[in-house]
$ cat start10.csv   # CSV, C-alpha atoms
chain,number,residue,atom,x,y,z
O,20,MET,CA,35.3,2.9,-8.8
O,21,LYS,CA,32.7,0.4,-9.8
O,22,ARG,CA,30.0,1.7,-12.2
O,23,LYS,CA,26.3,1.2,-11.3
O,24,SER,CA,24.2,-0.9,-13.7
O,25,ASN,CA,21.3,0.8,-15.5
O,26,SER,CA,18.8,-1.2,-13.4
O,27,GLU,CA,20.5,0.1,-10.2
O,28,ILE,CA,20.4,3.7,-11.6
O,29,ASN,CA,16.7,3.3,-12.5
O,30,ARG,CA,15.9,1.9,-9.1
O,31,LEU,CA,17.7,4.8,-7.4
O,32,THR,CA,16.0,7.3,-9.7
O,33,ARG,CA,12.6,5.9,-9.0
O,34,GLU,CA,13.3,5.9,-5.2
O,35,ALA,CA,14.4,9.5,-5.4
O,36,ILE,CA,11.2,10.5,-7.3
O,37,THR,CA,8.8,8.6,-5.0
O,38,THR,CA,10.5,10.1,-1.9
O,39,ALA,CA,10.3,13.6,-3.4
O,40,LEU,CA,6.6,13.1,-4.1
O,41,LEU,CA,5.9,11.9,-0.6
O,42,LYS,CA,7.7,14.9,0.9
O,43,LEU,CA,5.7,17.3,-1.3
O,44,LEU,CA,2.4,15.5,-0.4
O,45,LYS,CA,3.0,16.4,3.2
O,46,CYS,CA,2.3,20.1,2.5
O,47,GLN,CA,0.5,20.2,-0.9
O,48,GLN,CA,-2.3,18.5,-2.7
O,49,LEU,CA,-1.3,16.2,-5.7
O,50,ASP,CA,-2.8,18.6,-8.2
O,51,GLN,CA,-0.7,21.5,-6.9
O,52,ILE,CA,2.5,19.5,-7.2
O,53,SER,CA,4.4,20.1,-10.5
O,54,ILE,CA,6.7,17.7,-12.2
O,55,SER,CA,9.4,20.4,-11.9
O,56,SER,CA,9.1,20.5,-8.2
O,57,ILE,CA,9.4,16.7,-8.0
O,58,VAL,CA,12.5,16.5,-10.2
O,59,GLN,CA,14.1,19.4,-8.4
O,60,LEU,CA,13.6,17.9,-5.0
O,61,ALA,CA,14.6,14.4,-6.2
O,62,GLY,CA,17.7,15.8,-7.9
O,63,VAL,CA,17.0,14.1,-11.2
O,64,SER,CA,16.3,15.5,-14.7
O,65,ARG,CA,12.9,15.7,-16.3
O,66,THR,CA,14.2,13.1,-18.8
O,67,ALA,CA,15.0,10.7,-16.0
O,68,TYR,CA,11.5,11.3,-14.6
O,69,TYR,CA,9.8,10.6,-17.9
O,70,ASN,CA,12.1,7.6,-18.5
O,71,ASN,CA,10.6,6.1,-15.4
O,72,TYR,CA,7.1,7.6,-15.0
O,73,HIS,CA,4.4,9.1,-17.3
O,74,SER,CA,2.5,10.9,-14.6
O,75,LYS,CA,2.2,11.8,-10.9
O,76,ILE,CA,-0.5,9.2,-10.5
O,77,GLU,CA,1.9,6.5,-11.8
O,78,VAL,CA,4.4,7.6,-9.2
O,79,LEU,CA,1.7,7.4,-6.6
O,80,ASN,CA,0.5,4.0,-7.7
O,81,ASP,CA,4.1,2.8,-7.6
O,82,LEU,CA,4.3,3.9,-3.9
O,83,ILE,CA,1.0,2.2,-3.1
O,84,ASP,CA,1.9,-1.0,-5.1
O,85,ASN,CA,5.2,-1.3,-3.1
O,86,PHE,CA,3.2,-0.8,0.1
O,87,ILE,CA,0.6,-3.4,-0.8
O,88,ASN,CA,3.4,-5.8,-2.1
O,89,ASP,CA,5.1,-5.5,1.3
O,90,ILE,CA,1.8,-6.5,2.9
O,91,ASN,CA,1.4,-9.5,0.5
O,92,THR,CA,5.0,-10.5,1.2
O,93,SER,CA,4.5,-10.4,5.0
O,94,LEU,CA,1.3,-12.5,4.7
O,95,GLN,CA,2.8,-15.2,2.4
O,96,PRO,CA,3.6,-17.6,5.2
O,97,TYR,CA,-0.1,-17.6,6.1
O,98,ASN,CA,-1.4,-18.2,2.5
O,99,ALA,CA,-0.5,-21.9,2.2
O,100,LYS,CA,-3.6,-24.0,2.1
O,101,THR,CA,-2.4,-26.5,4.7
O,102,SER,CA,-0.7,-24.1,7.1
O,103,GLY,CA,-2.2,-20.8,6.0
O,104,LYS,CA,-4.5,-18.2,7.3
O,105,LEU,CA,-7.4,-20.6,7.7
O,106,ASN,CA,-5.4,-22.4,10.4
O,107,GLN,CA,-3.8,-19.2,11.8
O,108,PRO,CA,-6.4,-16.4,11.2
O,109,TYR,CA,-5.3,-14.3,14.2
O,110,GLN,CA,-1.6,-14.3,13.1
O,111,PHE,CA,-2.6,-13.5,9.6
O,112,ILE,CA,-4.6,-10.4,10.7
O,113,TYR,CA,-2.0,-9.4,13.3
O,114,THR,CA,0.7,-9.5,10.6
O,115,LEU,CA,-1.5,-7.4,8.4
O,116,PHE,CA,-1.9,-4.7,11.0
O,117,LYS,CA,1.8,-4.8,11.9
O,118,THR,CA,2.9,-4.3,8.3
O,119,VAL,CA,0.4,-1.4,7.8
O,120,TYR,CA,1.7,0.1,11.1
O,121,GLN,CA,5.2,0.0,9.6
O,122,HIS,CA,3.9,2.0,6.6
O,123,ARG,CA,1.6,4.3,8.7
O,124,THR,CA,3.5,7.5,7.6
O,125,LEU,CA,2.7,6.8,3.9
O,126,TYR,CA,-0.8,5.9,4.7
O,127,LYS,CA,-1.4,9.0,6.8
O,128,ILE,CA,0.1,11.2,4.1
O,129,LEU,CA,-2.3,9.7,1.5
O,130,ILE,CA,-5.2,10.2,3.8
O,131,ASN,CA,-4.3,13.8,4.5
O,132,ALA,CA,-3.8,14.4,0.7
O,133,ASN,CA,-7.3,13.0,0.1
O,134,LEU,CA,-5.7,10.1,-1.9
O,135,SER,CA,-6.6,7.1,0.3
O,136,HIS,CA,-9.0,6.0,-2.4
O,137,GLN,CA,-5.9,5.2,-4.5
O,138,ILE,CA,-5.0,2.6,-1.8
O,139,LEU,CA,-8.4,1.0,-2.2
O,140,LYS,CA,-8.1,1.1,-6.0
O,141,GLN,CA,-4.7,-0.6,-6.0
O,142,LEU,CA,-5.8,-3.0,-3.2
O,143,ASN,CA,-8.8,-4.1,-5.4
O,144,ILE,CA,-6.5,-4.6,-8.4
O,145,LEU,CA,-4.0,-6.7,-6.5
O,146,MET,CA,-6.6,-8.7,-4.6
O,147,VAL,CA,-8.3,-9.7,-7.9
O,148,LEU,CA,-4.9,-10.6,-9.2
O,149,TYR,CA,-4.1,-12.8,-6.2
O,150,LEU,CA,-7.6,-14.1,-5.6
O,151,PRO,CA,-8.9,-14.7,-9.1
O,152,ALA,CA,-12.6,-14.2,-9.3
O,153,GLU,CA,-14.3,-15.8,-12.2
O,154,THR,CA,-18.0,-15.2,-11.4
O,155,ASP,CA,-19.6,-11.9,-10.4
O,156,ASN,CA,-20.3,-13.3,-6.9
O,157,GLU,CA,-16.6,-14.2,-6.4
O,158,LYS,CA,-15.6,-10.7,-7.6
O,159,TYR,CA,-18.1,-9.1,-5.2
O,160,ASN,CA,-16.6,-11.2,-2.4
O,161,VAL,CA,-13.1,-10.0,-3.2
O,162,TYR,CA,-14.2,-6.4,-3.3
O,163,PHE,CA,-16.2,-6.8,-0.1
O,164,GLN,CA,-13.0,-8.1,1.6
O,165,ALA,CA,-10.8,-5.4,0.2
O,166,GLY,CA,-13.3,-2.7,1.3
O,167,ALA,CA,-13.6,-4.1,4.8
O,168,ILE,CA,-9.8,-4.3,5.1
O,169,PHE,CA,-9.4,-0.8,3.7
O,170,ASN,CA,-12.0,0.9,5.9
O,171,VAL,CA,-10.8,-0.6,9.1
O,172,LEU,CA,-7.2,0.2,8.4
O,173,THR,CA,-8.0,3.7,7.2
O,174,LEU,CA,-10.0,4.5,10.4
O,175,TRP,CA,-7.2,3.0,12.5
O,176,ILE,CA,-4.6,5.1,10.8
O,177,GLU,CA,-6.8,8.3,10.9
O,178,ASN,CA,-7.1,7.8,14.6
O,179,GLY,CA,-3.4,7.7,15.0
O,180,ALA,CA,-3.1,3.9,15.2
O,181,LYS,CA,-3.9,4.2,18.9
O,182,GLY,CA,-5.1,0.6,19.3
O,183,SER,CA,-2.1,-1.8,19.3
O,184,CYS,CA,-1.7,-4.2,16.5
O,185,GLU,CA,-2.7,-7.0,18.9
O,186,HIS,CA,-5.9,-5.2,19.9
O,187,MET,CA,-6.9,-4.4,16.3
O,188,ALA,CA,-6.2,-8.0,15.3
O,189,GLN,CA,-8.5,-9.2,18.1
O,190,LEU,CA,-11.3,-6.8,17.1
O,191,PHE,CA,-11.0,-7.8,13.4
O,192,SER,CA,-10.9,-11.5,14.2
O,193,GLN,CA,-14.0,-11.2,16.3
O,194,GLN,CA,-15.9,-9.5,13.5
O,195,TYR,CA,-15.1,-12.4,11.2
O,196,GLY,CA,-15.8,-15.0,13.9
O,197,ASN,CA,-12.1,-16.0,13.9
O,198,VAL,CA,-11.2,-15.6,17.6
O,199,ASN,CA,-7.7,-16.8,18.2
$ encode --input "start10.csv" --output "structure tokens"
Amino acid sequence: MKRKSNSEINRLTREAITTALLKLLKCQQLDQISISSIVQLAGVSRTAYYNNYHSKIEVLNDLIDNFINDINTSLQPYNAKTSGKLNQPYQFIYTLFKTVYQHRTLYKILINANLSHQILKQLNILMVLYLPAETDNEKYNVYFQAGAIFNVLTLWIENGAKGSCEHMAQLFSQQYGNVN
């Protein structure tokens, strides 16, 4: 039998821990969840937990970072200056909604656990990383965009994602004057 590499074991451990935290967040607030309950549900040792994470917030941020990185990956085809979102704004926004829809369970759990602000926090961090802002005005613009995206997506998910991705992309496009 082939042995798993340390990186593969760490990946599986991290996945078990994040999955356990998500399951626990469905019925408990973050501050009510103990490390013991996470490791027990994940089937890992406390040592394994602390080899990968220092806190529950770090686990939560890992979940959210993966979610936002999935969004960024899905939007990469539209980020090129010549063929990017400026030339295909509707497709860019539609892809954003479609990717968030695929992660709606995580988003809804975070909303219900009063942790959606963590999405905004991580979104702000990643947007500044990907859209470097040197001046205060540029930073305000990045935060303005992140806030608008966050609020629309949060309301949509809170309402059960009733509007289709196409419908939401049309609404969002119209608000920014980017009608397909």
$ residues_around --input "start10.csv" --residues "O:Ile76" --least-positions-apart "6" --cutoff "10 Å" --atoms "only C-alpha atoms" --output "list of chain:residue names"
O:Leu49, O:Asp50, O:Leu82, O:Gln137
$ residues_around --input "start10.csv" --residues "stretch 187-190 of chain O" --least-positions-apart "5" --cutoff "12 Å" --atoms "all atoms listed in the file" --output "list in words"
Gln107, Pro108, Tyr109, Gln110, Phe111, Ile112, Tyr113, Thr114, Leu115, Phe116, Lys117, Val119, Tyr120, Ile168, Val171, Leu172, Leu174, Trp175, Ile176, Ala180, Lys181, Gly182, Tyr195, Gly196, Asn197, Val198 and Asn199 of chain O
$ residues_around --input "start10.csv" --residues "O:Phe163" --least-positions-apart "6" --cutoff "10 Å" --atoms "all atoms listed in the file" --output "PyMOL selection string"
chain O and resi 143+157+169
$ residues_around --input "start10.csv" --residues "O:Val63" --least-positions-apart "6" --cutoff "10 Å" --atoms "all atoms listed in the file" --output "number ranges by chain"
O: 32-33, 35-36, 55, 57
$ atom_distance --input "start10.csv" --atom1 "atom CA of O:Ile130" --atom2 "atom CA of O:Ala61"
22.6 Å
$ atom_distance --input "start10.csv" --atom1 "atom CA of O:Asn29" --atom2 "atom CA of O:Ala67"
8.4 Å
$ residues_around --input "start10.csv" --residues "O:Gln59" --least-positions-apart "6" --cutoff "12 Å" --atoms "all atoms listed in the file" --output "PyMOL selection string"
chain O and resi 35-36+38-40+43+52-53+65+67-68
$ write_last_selection --input "start10.csv" --atoms "C-alpha atoms" --output "PDB file, in the frame of the given file"
ATOM      1  CA  ALA O  35      14.400   9.500  -5.400  1.00  0.00           C
ATOM      2  CA  ILE O  36      11.200  10.500  -7.300  1.00  0.00           C
ATOM      3  CA  THR O  38      10.500  10.100  -1.900  1.00  0.00           C
ATOM      4  CA  ALA O  39      10.300  13.600  -3.400  1.00  0.00           C
ATOM      5  CA  LEU O  40       6.600  13.100  -4.100  1.00  0.00           C
ATOM      6  CA  LEU O  43       5.700  17.300  -1.300  1.00  0.00           C
ATOM      7  CA  ILE O  52       2.500  19.500  -7.200  1.00  0.00           C
ATOM      8  CA  SER O  53       4.400  20.100 -10.500  1.00  0.00           C
ATOM      9  CA  ARG O  65      12.900  15.700 -16.300  1.00  0.00           C
ATOM     10  CA  ALA O  67      15.000  10.700 -16.000  1.00  0.00           C
ATOM     11  CA  TYR O  68      11.500  11.300 -14.600  1.00  0.00           C
TER      12      TYR O  68
END
$ atom_distance --input "start10.csv" --atom1 "atom CA of O:Asp89" --atom2 "atom CA of O:Tyr126"
13.3 Å
$ residues_near_point --input "start10.csv" --point "(-10.6, 2.8, -0.2)" --cutoff "7 Å" --atoms "all atoms listed in the file" --output "PDB file with C-alpha atoms, in the frame of the given file"
ATOM      1  CA  SER O 135      -6.600   7.100   0.300  1.00  0.00           C
ATOM      2  CA  HIS O 136      -9.000   6.000  -2.400  1.00  0.00           C
ATOM      3  CA  GLN O 137      -5.900   5.200  -4.500  1.00  0.00           C
ATOM      4  CA  ILE O 138      -5.000   2.600  -1.800  1.00  0.00           C
ATOM      5  CA  LEU O 139      -8.400   1.000  -2.200  1.00  0.00           C
ATOM      6  CA  LYS O 140      -8.100   1.100  -6.000  1.00  0.00           C
ATOM      7  CA  GLY O 166     -13.300  -2.700   1.300  1.00  0.00           C
ATOM      8  CA  PHE O 169      -9.400  -0.800   3.700  1.00  0.00           C
ATOM      9  CA  ASN O 170     -12.000   0.900   5.900  1.00  0.00           C
TER      10      ASN O 170
END
$ residues_near_point --input "start10.csv" --point "(-1.2, -4.3, -8.6)" --cutoff "10 Å" --atoms "all atoms listed in the file" --output "PDB file with C-alpha atoms, in the frame of the given file"
ATOM      1  CA  ASN O  80       0.500   4.000  -7.700  1.00  0.00           C
ATOM      2  CA  ASP O  81       4.100   2.800  -7.600  1.00  0.00           C
ATOM      3  CA  ILE O  83       1.000   2.200  -3.100  1.00  0.00           C
ATOM      4  CA  ASP O  84       1.900  -1.000  -5.100  1.00  0.00           C
ATOM      5  CA  ASN O  85       5.200  -1.300  -3.100  1.00  0.00           C
ATOM      6  CA  ILE O  87       0.600  -3.400  -0.800  1.00  0.00           C
ATOM      7  CA  ASN O  88       3.400  -5.800  -2.100  1.00  0.00           C
ATOM      8  CA  LYS O 140      -8.100   1.100  -6.000  1.00  0.00           C
ATOM      9  CA  GLN O 141      -4.700  -0.600  -6.000  1.00  0.00           C
ATOM     10  CA  LEU O 142      -5.800  -3.000  -3.200  1.00  0.00           C
ATOM     11  CA  ASN O 143      -8.800  -4.100  -5.400  1.00  0.00           C
ATOM     12  CA  ILE O 144      -6.500  -4.600  -8.400  1.00  0.00           C
ATOM     13  CA  LEU O 145      -4.000  -6.700  -6.500  1.00  0.00           C
ATOM     14  CA  MET O 146      -6.600  -8.700  -4.600  1.00  0.00           C
ATOM     15  CA  VAL O 147      -8.300  -9.700  -7.900  1.00  0.00           C
ATOM     16  CA  LEU O 148      -4.900 -10.600  -9.200  1.00  0.00           C
ATOM     17  CA  TYR O 149      -4.100 -12.800  -6.200  1.00  0.00           C
TER      18      TYR O 149
END
$ closest_residue --input "start10.csv" --among "O:Leu125, O:Leu31, O:Ile54, O:Leu44" --to "O:Phe86" --atoms "all atoms listed in the file"
O:Leu125
$ decode --input "start10.csv" --residues "stretch 29-44 of chain O" --atoms "all heavy atoms" --output "PDB file, in the first residue's frame"
ATOM      1  N   ASN O  29      -1.698  16.473   5.698  1.00  0.00           N
ATOM      2  CA  ASN O  29      -2.085  17.803   6.198  1.00  0.00           C
ATOM      3  C   ASN O  29      -3.323  18.322   5.486  1.00  0.00           C
ATOM      4  O   ASN O  29      -4.213  18.903   6.118  1.00  0.00           O
ATOM      5  CB  ASN O  29      -0.931  18.798   6.062  1.00  0.00           C
ATOM      6  CG  ASN O  29       0.133  18.580   7.100  1.00  0.00           C
ATOM      7  OD1 ASN O  29      -0.083  17.912   8.110  1.00  0.00           O
ATOM      8  ND2 ASN O  29       1.304  19.125   6.849  1.00  0.00           N
ATOM      9  N   ARG O  30      -3.396  18.132   4.174  1.00  0.00           N
ATOM     10  CA  ARG O  30      -4.563  18.577   3.410  1.00  0.00           C
ATOM     11  C   ARG O  30      -5.819  17.860   3.888  1.00  0.00           C
ATOM     12  O   ARG O  30      -6.859  18.479   4.116  1.00  0.00           O
ATOM     13  CB  ARG O  30      -4.356  18.343   1.910  1.00  0.00           C
ATOM     14  CG  ARG O  30      -5.494  18.918   1.046  1.00  0.00           C
ATOM     15  CD  ARG O  30      -5.408  18.468  -0.402  1.00  0.00           C
ATOM     16  NE  ARG O  30      -5.605  17.050  -0.582  1.00  0.00           N
ATOM     17  CZ  ARG O  30      -6.799  16.433  -0.512  1.00  0.00           C
ATOM     18  NH1 ARG O  30      -7.884  17.108  -0.244  1.00  0.00           N
ATOM     19  NH2 ARG O  30      -6.891  15.130  -0.715  1.00  0.00           N
ATOM     20  N   LEU O  31      -5.727  16.545   4.063  1.00  0.00           N
ATOM     21  CA  LEU O  31      -6.872  15.761   4.534  1.00  0.00           C
ATOM     22  C   LEU O  31      -7.269  16.156   5.959  1.00  0.00           C
ATOM     23  O   LEU O  31      -8.461  16.237   6.275  1.00  0.00           O
ATOM     24  CB  LEU O  31      -6.569  14.263   4.456  1.00  0.00           C
ATOM     25  CG  LEU O  31      -6.436  13.688   3.043  1.00  0.00           C
ATOM     26  CD1 LEU O  31      -5.914  12.261   3.087  1.00  0.00           C
ATOM     27  CD2 LEU O  31      -7.757  13.771   2.298  1.00  0.00           C
ATOM     28  N   THR O  32      -6.287  16.428   6.802  1.00  0.00           N
ATOM     29  CA  THR O  32      -6.560  16.855   8.174  1.00  0.00           C
ATOM     30  C   THR O  32      -7.274  18.200   8.176  1.00  0.00           C
ATOM     31  O   THR O  32      -8.281  18.391   8.865  1.00  0.00           O
ATOM     32  CB  THR O  32      -5.245  16.935   8.983  1.00  0.00           C
ATOM     33  OG1 THR O  32      -4.632  15.646   8.995  1.00  0.00           O
ATOM     34  CG2 THR O  32      -5.490  17.408  10.402  1.00  0.00           C
ATOM     35  N   ARG O  33      -6.762  19.134   7.389  1.00  0.00           N
ATOM     36  CA  ARG O  33      -7.381  20.460   7.303  1.00  0.00           C
ATOM     37  C   ARG O  33      -8.806  20.353   6.766  1.00  0.00           C
ATOM     38  O   ARG O  33      -9.719  21.020   7.254  1.00  0.00           O
ATOM     39  CB  ARG O  33      -6.534  21.392   6.438  1.00  0.00           C
ATOM     40  CG  ARG O  33      -5.217  21.782   7.092  1.00  0.00           C
ATOM     41  CD  ARG O  33      -4.312  22.577   6.156  1.00  0.00           C
ATOM     42  NE  ARG O  33      -4.756  23.946   5.981  1.00  0.00           N
ATOM     43  CZ  ARG O  33      -4.434  24.949   6.785  1.00  0.00           C
ATOM     44  NH1 ARG O  33      -3.667  24.739   7.851  1.00  0.00           N
ATOM     45  NH2 ARG O  33      -4.869  26.166   6.552  1.00  0.00           N
ATOM     46  N   GLU O  34      -9.003  19.511   5.782  1.00  0.00           N
ATOM     47  CA  GLU O  34     -10.334  19.314   5.213  1.00  0.00           C
ATOM     48  C   GLU O  34     -11.291  18.731   6.256  1.00  0.00           C
ATOM     49  O   GLU O  34     -12.436  19.164   6.378  1.00  0.00           O
ATOM     50  CB  GLU O  34     -10.243  18.391   3.993  1.00  0.00           C
ATOM     51  CG  GLU O  34     -11.516  18.271   3.203  1.00  0.00           C
ATOM     52  CD  GLU O  34     -11.317  17.423   1.962  1.00  0.00           C
ATOM     53  OE1 GLU O  34     -10.492  17.814   1.106  1.00  0.00           O
ATOM     54  OE2 GLU O  34     -11.981  16.381   1.852  1.00  0.00           O
ATOM     55  N   ALA O  35     -10.826  17.761   7.030  1.00  0.00           N
ATOM     56  CA  ALA O  35     -11.656  17.156   8.080  1.00  0.00           C
ATOM     57  C   ALA O  35     -12.020  18.196   9.138  1.00  0.00           C
ATOM     58  O   ALA O  35     -13.169  18.244   9.607  1.00  0.00           O
ATOM     59  CB  ALA O  35     -10.927  15.972   8.712  1.00  0.00           C
ATOM     60  N   ILE O  36     -11.076  19.035   9.499  1.00  0.00           N
ATOM     61  CA  ILE O  36     -11.312  20.060  10.517  1.00  0.00           C
ATOM     62  C   ILE O  36     -12.306  21.108  10.013  1.00  0.00           C
ATOM     63  O   ILE O  36     -13.248  21.478  10.730  1.00  0.00           O
ATOM     64  CB  ILE O  36      -9.980  20.708  10.954  1.00  0.00           C
ATOM     65  CG1 ILE O  36      -9.133  19.688  11.726  1.00  0.00           C
ATOM     66  CG2 ILE O  36     -10.225  21.972  11.785  1.00  0.00           C
ATOM     67  CD1 ILE O  36      -7.690  20.117  11.951  1.00  0.00           C
ATOM     68  N   THR O  37     -12.123  21.585   8.791  1.00  0.00           N
ATOM     69  CA  THR O  37     -13.043  22.598   8.258  1.00  0.00           C
ATOM     70  C   THR O  37     -14.442  22.024   8.081  1.00  0.00           C
ATOM     71  O   THR O  37     -15.434  22.698   8.370  1.00  0.00           O
ATOM     72  CB  THR O  37     -12.532  23.203   6.938  1.00  0.00           C
ATOM     73  OG1 THR O  37     -12.305  22.165   5.982  1.00  0.00           O
ATOM     74  CG2 THR O  37     -11.255  24.009   7.145  1.00  0.00           C
ATOM     75  N   THR O  38     -14.541  20.780   7.630  1.00  0.00           N
ATOM     76  CA  THR O  38     -15.843  20.136   7.483  1.00  0.00           C
ATOM     77  C   THR O  38     -16.528  19.985   8.836  1.00  0.00           C
ATOM     78  O   THR O  38     -17.731  20.238   8.967  1.00  0.00           O
ATOM     79  CB  THR O  38     -15.689  18.757   6.791  1.00  0.00           C
ATOM     80  OG1 THR O  38     -15.090  18.959   5.508  1.00  0.00           O
ATOM     81  CG2 THR O  38     -17.028  18.057   6.638  1.00  0.00           C
ATOM     82  N   ALA O  39     -15.765  19.608   9.847  1.00  0.00           N
ATOM     83  CA  ALA O  39     -16.320  19.464  11.192  1.00  0.00           C
ATOM     84  C   ALA O  39     -16.830  20.807  11.709  1.00  0.00           C
ATOM     85  O   ALA O  39     -17.935  20.890  12.271  1.00  0.00           O
ATOM     86  CB  ALA O  39     -15.269  18.880  12.135  1.00  0.00           C
ATOM     87  N   LEU O  40     -16.047  21.863  11.524  1.00  0.00           N
ATOM     88  CA  LEU O  40     -16.479  23.178  11.991  1.00  0.00           C
ATOM     89  C   LEU O  40     -17.765  23.596  11.289  1.00  0.00           C
ATOM     90  O   LEU O  40     -18.689  24.104  11.930  1.00  0.00           O
ATOM     91  CB  LEU O  40     -15.389  24.228  11.789  1.00  0.00           C
ATOM     92  CG  LEU O  40     -15.762  25.638  12.258  1.00  0.00           C
ATOM     93  CD1 LEU O  40     -16.048  25.663  13.762  1.00  0.00           C
ATOM     94  CD2 LEU O  40     -14.667  26.625  11.911  1.00  0.00           C
ATOM     95  N   LEU O  41     -17.852  23.371   9.994  1.00  0.00           N
ATOM     96  CA  LEU O  41     -19.075  23.713   9.257  1.00  0.00           C
ATOM     97  C   LEU O  41     -20.285  22.969   9.813  1.00  0.00           C
ATOM     98  O   LEU O  41     -21.350  23.565  10.002  1.00  0.00           O
ATOM     99  CB  LEU O  41     -18.917  23.368   7.770  1.00  0.00           C
ATOM    100  CG  LEU O  41     -18.423  24.468   6.866  1.00  0.00           C
ATOM    101  CD1 LEU O  41     -18.324  23.985   5.435  1.00  0.00           C
ATOM    102  CD2 LEU O  41     -19.316  25.688   6.949  1.00  0.00           C
ATOM    103  N   LYS O  42     -20.126  21.689  10.063  1.00  0.00           N
ATOM    104  CA  LYS O  42     -21.236  20.892  10.616  1.00  0.00           C
ATOM    105  C   LYS O  42     -21.666  21.431  11.971  1.00  0.00           C
ATOM    106  O   LYS O  42     -22.860  21.539  12.256  1.00  0.00           O
ATOM    107  CB  LYS O  42     -20.840  19.420  10.730  1.00  0.00           C
ATOM    108  CG  LYS O  42     -20.809  18.700   9.401  1.00  0.00           C
ATOM    109  CD  LYS O  42     -20.426  17.239   9.570  1.00  0.00           C
ATOM    110  CE  LYS O  42     -20.361  16.561   8.215  1.00  0.00           C
ATOM    111  NZ  LYS O  42     -19.954  15.159   8.330  1.00  0.00           N
ATOM    112  N   LEU O  43     -20.704  21.778  12.800  1.00  0.00           N
ATOM    113  CA  LEU O  43     -21.019  22.297  14.127  1.00  0.00           C
ATOM    114  C   LEU O  43     -21.674  23.674  14.061  1.00  0.00           C
ATOM    115  O   LEU O  43     -22.554  23.989  14.872  1.00  0.00           O
ATOM    116  CB  LEU O  43     -19.756  22.333  14.991  1.00  0.00           C
ATOM    117  CG  LEU O  43     -19.197  20.955  15.367  1.00  0.00           C
ATOM    118  CD1 LEU O  43     -17.786  21.082  15.936  1.00  0.00           C
ATOM    119  CD2 LEU O  43     -20.129  20.250  16.344  1.00  0.00           C
ATOM    120  N   LEU O  44     -21.278  24.497  13.085  1.00  0.00           N
ATOM    121  CA  LEU O  44     -21.860  25.831  12.941  1.00  0.00           C
ATOM    122  C   LEU O  44     -23.331  25.776  12.531  1.00  0.00           C
ATOM    123  O   LEU O  44     -24.057  26.755  12.708  1.00  0.00           O
ATOM    124  CB  LEU O  44     -21.070  26.662  11.931  1.00  0.00           C
ATOM    125  CG  LEU O  44     -19.772  27.268  12.424  1.00  0.00           C
ATOM    126  CD1 LEU O  44     -18.967  27.845  11.271  1.00  0.00           C
ATOM    127  CD2 LEU O  44     -20.030  28.318  13.497  1.00  0.00           C
TER     128      LEU O  44
END
